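Colleague: Pasting structure-v1.cif below, which is mmCIF, C-alpha atoms.
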```cif
data_my_file
#
loop_
_atom_site.label_atom_id
_atom_site.label_comp_id
_atom_site.auth_asym_id
_atom_site.auth_seq_id
_atom_site.Cartn_x
_atom_site.Cartn_y
_atom_site.Cartn_z
CA MET A 1 26.98 -4.01 3.58
CA ALA A 2 24.03 -1.62 3.92
CA ASP A 3 21.33 -1.44 1.26
CA LYS A 4 21.11 1.71 -0.82
CA ILE A 5 17.65 3.26 -0.57
CA ARG A 6 16.38 5.82 -3.06
CA VAL A 7 13.60 8.11 -1.82
CA LEU A 8 10.46 7.57 -3.90
CA LEU A 9 8.05 9.64 -1.78
CA SER A 10 9.31 12.10 0.82
CA GLU A 11 7.98 12.30 4.36
CA GLU A 12 6.33 15.62 3.47
CA GLU A 13 4.63 14.17 0.37
CA VAL A 14 3.31 11.20 2.37
CA ASP A 15 2.11 13.42 5.21
CA ASN A 16 0.31 15.83 2.86
CA ARG A 17 -1.41 13.03 0.95
CA ILE A 18 -2.60 11.27 4.12
CA ARG A 19 -4.13 14.60 5.21
CA GLU A 20 -5.97 14.85 1.85
CA ILE A 21 -7.26 11.25 2.04
CA ALA A 22 -8.42 11.82 5.64
CA GLY A 23 -10.39 14.82 4.36
CA GLU A 24 -12.12 12.63 1.76
CA ILE A 25 -12.94 10.01 4.40
CA ASN A 26 -14.25 12.67 6.78
CA ARG A 27 -16.60 13.96 4.05
CA ASP A 28 -17.74 10.49 2.97
CA TYR A 29 -18.40 9.31 6.54
CA ALA A 30 -19.89 12.57 7.86
CA GLY A 31 -22.51 11.73 10.52
CA LYS A 32 -21.30 8.12 10.74
CA GLU A 33 -18.76 6.18 12.77
CA VAL A 34 -16.00 4.44 10.82
CA HIS A 35 -14.53 1.15 12.03
CA LEU A 36 -10.91 0.93 10.88
CA ILE A 37 -9.40 -2.51 10.37
CA CYS A 38 -5.63 -2.22 10.30
CA ILE A 39 -3.88 -5.04 8.45
CA LEU A 40 -0.73 -5.86 10.40
CA LYS A 41 2.18 -5.44 10.41
CA GLY A 42 2.79 -3.00 7.62
CA GLY A 43 -0.49 -1.14 7.90
CA VAL A 44 0.05 0.08 11.46
CA PHE A 45 2.12 3.18 10.59
CA PHE A 46 -0.33 4.36 7.96
CA THR A 47 -3.38 3.53 10.11
CA CYS A 48 -2.08 5.60 13.04
CA GLU A 49 -1.27 8.61 10.84
CA LEU A 50 -4.64 8.37 9.08
CA ALA A 51 -6.64 7.95 12.32
CA LYS A 52 -5.01 11.05 13.84
CA ARG A 53 -6.45 13.13 11.01
CA LEU A 54 -9.99 11.73 11.06
CA THR A 55 -12.63 13.95 12.65
CA VAL A 56 -15.49 11.44 12.41
CA PRO A 57 -15.92 8.98 15.30
CA VAL A 58 -13.47 6.08 14.90
CA SER A 59 -13.19 2.59 16.33
CA LEU A 60 -10.19 0.43 15.56
CA ASP A 61 -9.35 -3.24 15.30
CA PHE A 62 -6.42 -5.25 13.97
CA MET A 63 -6.06 -8.27 11.74
CA CYS A 64 -2.95 -10.14 10.69
CA VAL A 65 -3.03 -12.36 7.64
CA SER A 66 -0.38 -14.21 5.72
CA SER A 67 -0.49 -15.75 2.29
CA TYR A 68 1.66 -18.62 1.31
CA GLY A 69 3.27 -19.26 -2.02
CA SER A 70 6.61 -20.04 -3.54
CA GLY A 71 9.20 -17.29 -3.39
CA THR A 72 7.85 -13.77 -3.64
CA GLU A 73 4.58 -14.67 -5.34
CA SER A 74 1.44 -14.99 -3.23
CA SER A 75 -0.63 -18.11 -3.82
CA GLY A 76 -3.79 -16.43 -2.61
CA VAL A 77 -4.10 -19.08 0.11
CA VAL A 78 -4.63 -16.92 3.15
CA LYS A 79 -4.16 -17.80 6.79
CA ILE A 80 -5.65 -15.53 9.45
CA VAL A 81 -2.88 -15.18 12.03
CA LYS A 82 -4.75 -12.69 14.24
CA ASP A 83 -8.49 -12.25 13.87
CA LEU A 84 -10.58 -9.25 14.85
CA ASP A 85 -11.58 -8.68 18.47
CA GLN A 86 -14.86 -6.90 17.66
CA PRO A 87 -17.91 -8.08 15.69
CA LEU A 88 -18.55 -6.23 12.42
CA ALA A 89 -22.35 -6.48 12.19
CA GLY A 90 -23.86 -3.14 11.18
CA LYS A 91 -20.54 -1.29 11.10
CA GLU A 92 -19.11 1.00 8.42
CA VAL A 93 -15.82 -0.84 7.86
CA LEU A 94 -12.72 0.69 6.32
CA ILE A 95 -9.87 -1.78 5.72
CA VAL A 96 -6.50 0.03 5.94
CA GLU A 97 -3.56 -1.51 4.06
CA ASP A 98 0.00 -0.42 3.46
CA ILE A 99 0.22 -1.71 -0.12
CA ILE A 100 -1.96 -3.57 -2.60
CA ASP A 101 -0.51 -5.38 -5.56
CA SER A 102 -2.03 -8.68 -6.79
CA GLY A 103 -5.16 -8.23 -4.66
CA ARG A 104 -5.35 -11.96 -3.90
CA THR A 105 -5.14 -11.61 -0.13
CA LEU A 106 -7.63 -8.74 -0.01
CA ALA A 107 -10.10 -10.47 -2.33
CA TYR A 108 -10.17 -13.41 0.07
CA LEU A 109 -10.26 -11.20 3.16
CA ILE A 110 -13.13 -9.04 1.89
CA GLU A 111 -15.22 -12.15 1.20
CA ILE A 112 -14.57 -13.41 4.75
CA LEU A 113 -15.47 -10.03 6.28
CA LYS A 114 -18.67 -9.66 4.20
CA GLN A 115 -19.95 -12.82 5.92
CA ARG A 116 -19.80 -10.91 9.22
CA ASN A 117 -22.56 -8.53 8.05
CA PRO A 118 -20.96 -5.09 8.15
CA LYS A 119 -23.10 -2.22 6.86
CA SER A 120 -20.36 -1.43 4.30
CA ILE A 121 -16.77 -2.36 3.48
CA ARG A 122 -14.40 0.07 1.83
CA LEU A 123 -10.68 -0.16 1.21
CA CYS A 124 -7.95 2.42 1.86
CA THR A 125 -4.31 1.94 0.93
CA LEU A 126 -1.16 3.97 1.23
CA LEU A 127 0.32 2.47 -1.95
CA ASP A 128 -1.27 0.77 -4.94
CA LYS A 129 0.42 -1.19 -7.72
CA PRO A 130 -2.51 -1.67 -10.13
CA GLU A 131 -0.31 -3.10 -12.89
CA ARG A 132 0.28 -6.14 -10.62
CA ARG A 133 -3.46 -6.65 -9.94
CA VAL A 134 -4.62 -10.20 -10.58
CA LYS A 135 -7.94 -9.89 -8.72
CA LYS A 136 -9.67 -7.14 -10.68
CA GLN A 137 -12.71 -7.21 -8.35
CA VAL A 138 -10.62 -5.60 -5.59
CA LYS A 139 -11.77 -1.97 -5.77
CA VAL A 140 -9.66 0.51 -3.83
CA ASP A 141 -11.81 3.38 -2.54
CA TYR A 142 -8.99 5.56 -1.19
CA THR A 143 -5.47 5.46 -2.63
CA CYS A 144 -2.72 7.74 -1.40
CA PHE A 145 -0.23 6.90 -4.14
CA THR A 146 -0.16 4.73 -7.26
CA ILE A 147 3.40 3.53 -7.68
CA PRO A 148 5.42 1.61 -10.28
CA ASP A 149 6.28 -2.05 -9.77
CA GLU A 150 9.33 -1.50 -7.57
CA PHE A 151 10.23 -3.01 -4.20
CA VAL A 152 9.45 -0.32 -1.64
CA VAL A 153 10.25 0.09 2.06
CA GLY A 154 9.50 2.56 4.80
CA TYR A 155 6.33 3.77 6.49
CA GLY A 156 5.61 0.23 7.68
CA LEU A 157 6.86 -1.63 4.61
CA ASP A 158 9.84 -3.86 5.24
CA TYR A 159 12.65 -5.70 3.57
CA ASP A 160 13.46 -8.75 5.69
CA GLN A 161 11.91 -6.97 8.72
CA LYS A 162 14.14 -3.91 8.21
CA TYR A 163 13.28 -0.33 7.22
CA ARG A 164 9.66 -0.27 8.48
CA ASN A 165 10.55 2.77 10.60
CA LEU A 166 11.70 4.99 7.72
CA PRO A 167 9.52 8.15 7.65
CA TYR A 168 9.40 8.09 3.82
CA ILE A 169 8.78 5.55 1.05
CA GLY A 170 12.00 4.32 -0.52
CA VAL A 171 13.13 1.83 -3.14
CA VAL A 172 15.81 -0.71 -2.20
CA GLU A 173 18.47 -0.61 -4.90
CA GLN A 174 20.96 -3.45 -5.29
#
```
Is it possible to give me this structure as structure tokens?
Modeller:
Amino acid sequence: MADKIRVLLSEEEVDNRIREIAGEINRDYAGKEVHLICILKGGVFFTCELAKRLTVPVSLDFMCVSSYGSGTESSGVVKIVKDLDQPLAGKEVLIVEDIIDSGRTLAYLIEILKQRNPKSIRLCTLLDKPERRVKKQVKVDYTCFTIPDEFVVGYGLDYDQKYRNLPYIGVVEQ
């Protein structure tokens, strides 16, 4: 039986907001080059759409991390599955994520990346669930949407590896 998916954010809403966030990034990084770090797998859809709208010079790299815990809760123990190909020294780094909830994985990741001596590290996310934040030190610089604590799919977010390709953000309803 197919899952029922309720549209939370339409394709048009997502597209318009990414355009607005890209404008903010273009202003903030005017005269600089921004080095995007896409967090795989979910972040790839958002990263591509964001990068298309950036007018400042852009370089791009990918990182894949996984955190292990029991069930659906992250333990904060992070394993780097795919590390960056490029050094970060002296670069203006912008980490691009699909969704941030507890912040455990990103808190760990930011500390690791700081050791690589970038000029700056900022964080951009498509979706933020601040009410789930455990690591309060994780500061999101660019947020497209703040959403309620619901299980969302689409635009790179999956449910058992399904629904990543949806052009909107939806909620899986049982």
Colleague: Could you give me, as an MDAnalysis selection string, the residues within 7 Å of stretch 88-97 of chain A, counting only C-alpha atoms and dropping anything in the same chain fewer than 5 positions from it?
Modeller: chainID A and resid 33:39 43 47 116:126
Colleague: Here's the selection I'm unsure about, the PyMOL selection byres ((chain A and resi 151) around 12); applied to the file above, which residues does it give, as a PyMOL selection string?
Modeller: chain A and resi 5-8+72+99+101+127+129+147-150+152-154+157-160+169-174
Colleague: Using all atoms listed in the file - which residues lie no farther than 9 Å from the point (-13.1, 6.4, 0.7) in the file's frame? Write them as a PDB file with C-alpha atoms, keeping the file's coordinate frame.
Modeller:
```pdb
ATOM      1  CA  ILE A  21      -7.260  11.250   2.040  1.00  0.00           C
ATOM      2  CA  ALA A  22      -8.420  11.820   5.640  1.00  0.00           C
ATOM      3  CA  GLU A  24     -12.120  12.630   1.760  1.00  0.00           C
ATOM      4  CA  ILE A  25     -12.940  10.010   4.400  1.00  0.00           C
ATOM      5  CA  ASN A  26     -14.250  12.670   6.780  1.00  0.00           C
ATOM      6  CA  ARG A  27     -16.600  13.960   4.050  1.00  0.00           C
ATOM      7  CA  ASP A  28     -17.740  10.490   2.970  1.00  0.00           C
ATOM      8  CA  TYR A  29     -18.400   9.310   6.540  1.00  0.00           C
ATOM      9  CA  LEU A  94     -12.720   0.690   6.320  1.00  0.00           C
ATOM     10  CA  ARG A 122     -14.400   0.070   1.830  1.00  0.00           C
ATOM     11  CA  LEU A 123     -10.680  -0.160   1.210  1.00  0.00           C
ATOM     12  CA  CYS A 124      -7.950   2.420   1.860  1.00  0.00           C
ATOM     13  CA  VAL A 140      -9.660   0.510  -3.830  1.00  0.00           C
ATOM     14  CA  ASP A 141     -11.810   3.380  -2.540  1.00  0.00           C
ATOM     15  CA  TYR A 142      -8.990   5.560  -1.190  1.00  0.00           C
ATOM     16  CA  THR A 143      -5.470   5.460  -2.630  1.00  0.00           C
TER      17      THR A 143
END
```
Colleague: So, counting all atoms listed in the file, which residue among A:Ile100, A:Leu106, A:Ile112, A:Leu40 is closest to A:Pro130?
Modeller: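 When distances to A:Pro130 are compared using all atoms listed in the file, the smallest one comes from A:Ile100.
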Colleague: Can you work out the spacing between atom CA of A:Val56 and atom CA of A:Arg164 in Å, to one decimal?
Modeller: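 These atoms are spaced 28.0 Å apart.
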Colleague: List the neighbours of A:Asn165 out to 7 Å using all atoms listed in the file; skip same-chain residues closer than 2 positions along the sequence, and give me the result as a PyMOL selection string.
Modeller: chain A and resi 154-156+163+167
Colleague: Would you write out those residues with C-alpha atoms, as a short mmCIF file (atom, residue, chain, number, x, y, z; two decimals), keeping the file's coordinate frame?
Modeller:
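Below is the file result-v3.cif, written as the result:
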```cif
data_model
loop_
_atom_site.label_atom_id
_atom_site.label_comp_id
_atom_site.auth_asym_id
_atom_site.auth_seq_id
_atom_site.Cartn_x
_atom_site.Cartn_y
_atom_site.Cartn_z
CA GLY A 154 9.50 2.56 4.80
CA TYR A 155 6.33 3.77 6.49
CA GLY A 156 5.61 0.23 7.68
CA TYR A 163 13.28 -0.33 7.22
CA PRO A 167 9.52 8.15 7.65
#
```
Colleague: Quick one: pull the distance between atom CA of A:Arg53 and atom CA of A:Asp128, Å, one decimal.
Modeller: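 Between atom CA of A:Arg53 and atom CA of A:Asp128 the gap works out to 20.8 Å.
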Colleague: Please report the interatomic distance between atom CA of A:Asp15 and atom CA of A:Arg104 in Å with one decimal.
Modeller: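 Answer for the atom CA of A:Asp15 to atom CA of A:Arg104 separation: 28.0 Å.
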Colleague: Restricting the calculation to all atoms listed in the file: of A:Leu50, A:Val78, A:Val138, A:Ile110, which residue gets closest to A:Asn16?
Modeller: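 Closest residue, counting all atoms listed in the file: A:Leu50.
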Colleague: To verify the selection step, state as a ChimeraX atom specification which residues the PyMOL selection byres ((chain A and resi 86) around 10) yields on this input.
Modeller: /A:35,59-62,83-85,87-89
Colleague: Under the rule that all atoms listed in the file are counted, which of A:Val58, A:Leu9, A:Glu49, A:Val14 is the nearest residue to A:Lys32?
Modeller: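 That would be A:Val58, the residue with the smallest distance to A:Lys32.
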Colleague: Carefully work through the PyMOL selection byres ((chain A and resi 81) around 8) for this structure and note down the residues it includes, as a list in words.
Modeller: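 Those residues are Met63, Cys64, Val65, Ser66, Lys79, Ile80, Lys82 and Asp83 of chain A.
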Colleague: Using all atoms listed in the file, which of A:Lys41, A:Lys52, A:Arg17, A:Lys162 sits nearest A:Asp3?
Modeller: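 Going through A:Lys41, A:Lys52, A:Arg17, A:Lys162 one by one, the smallest distance to A:Asp3 is for A:Lys162.
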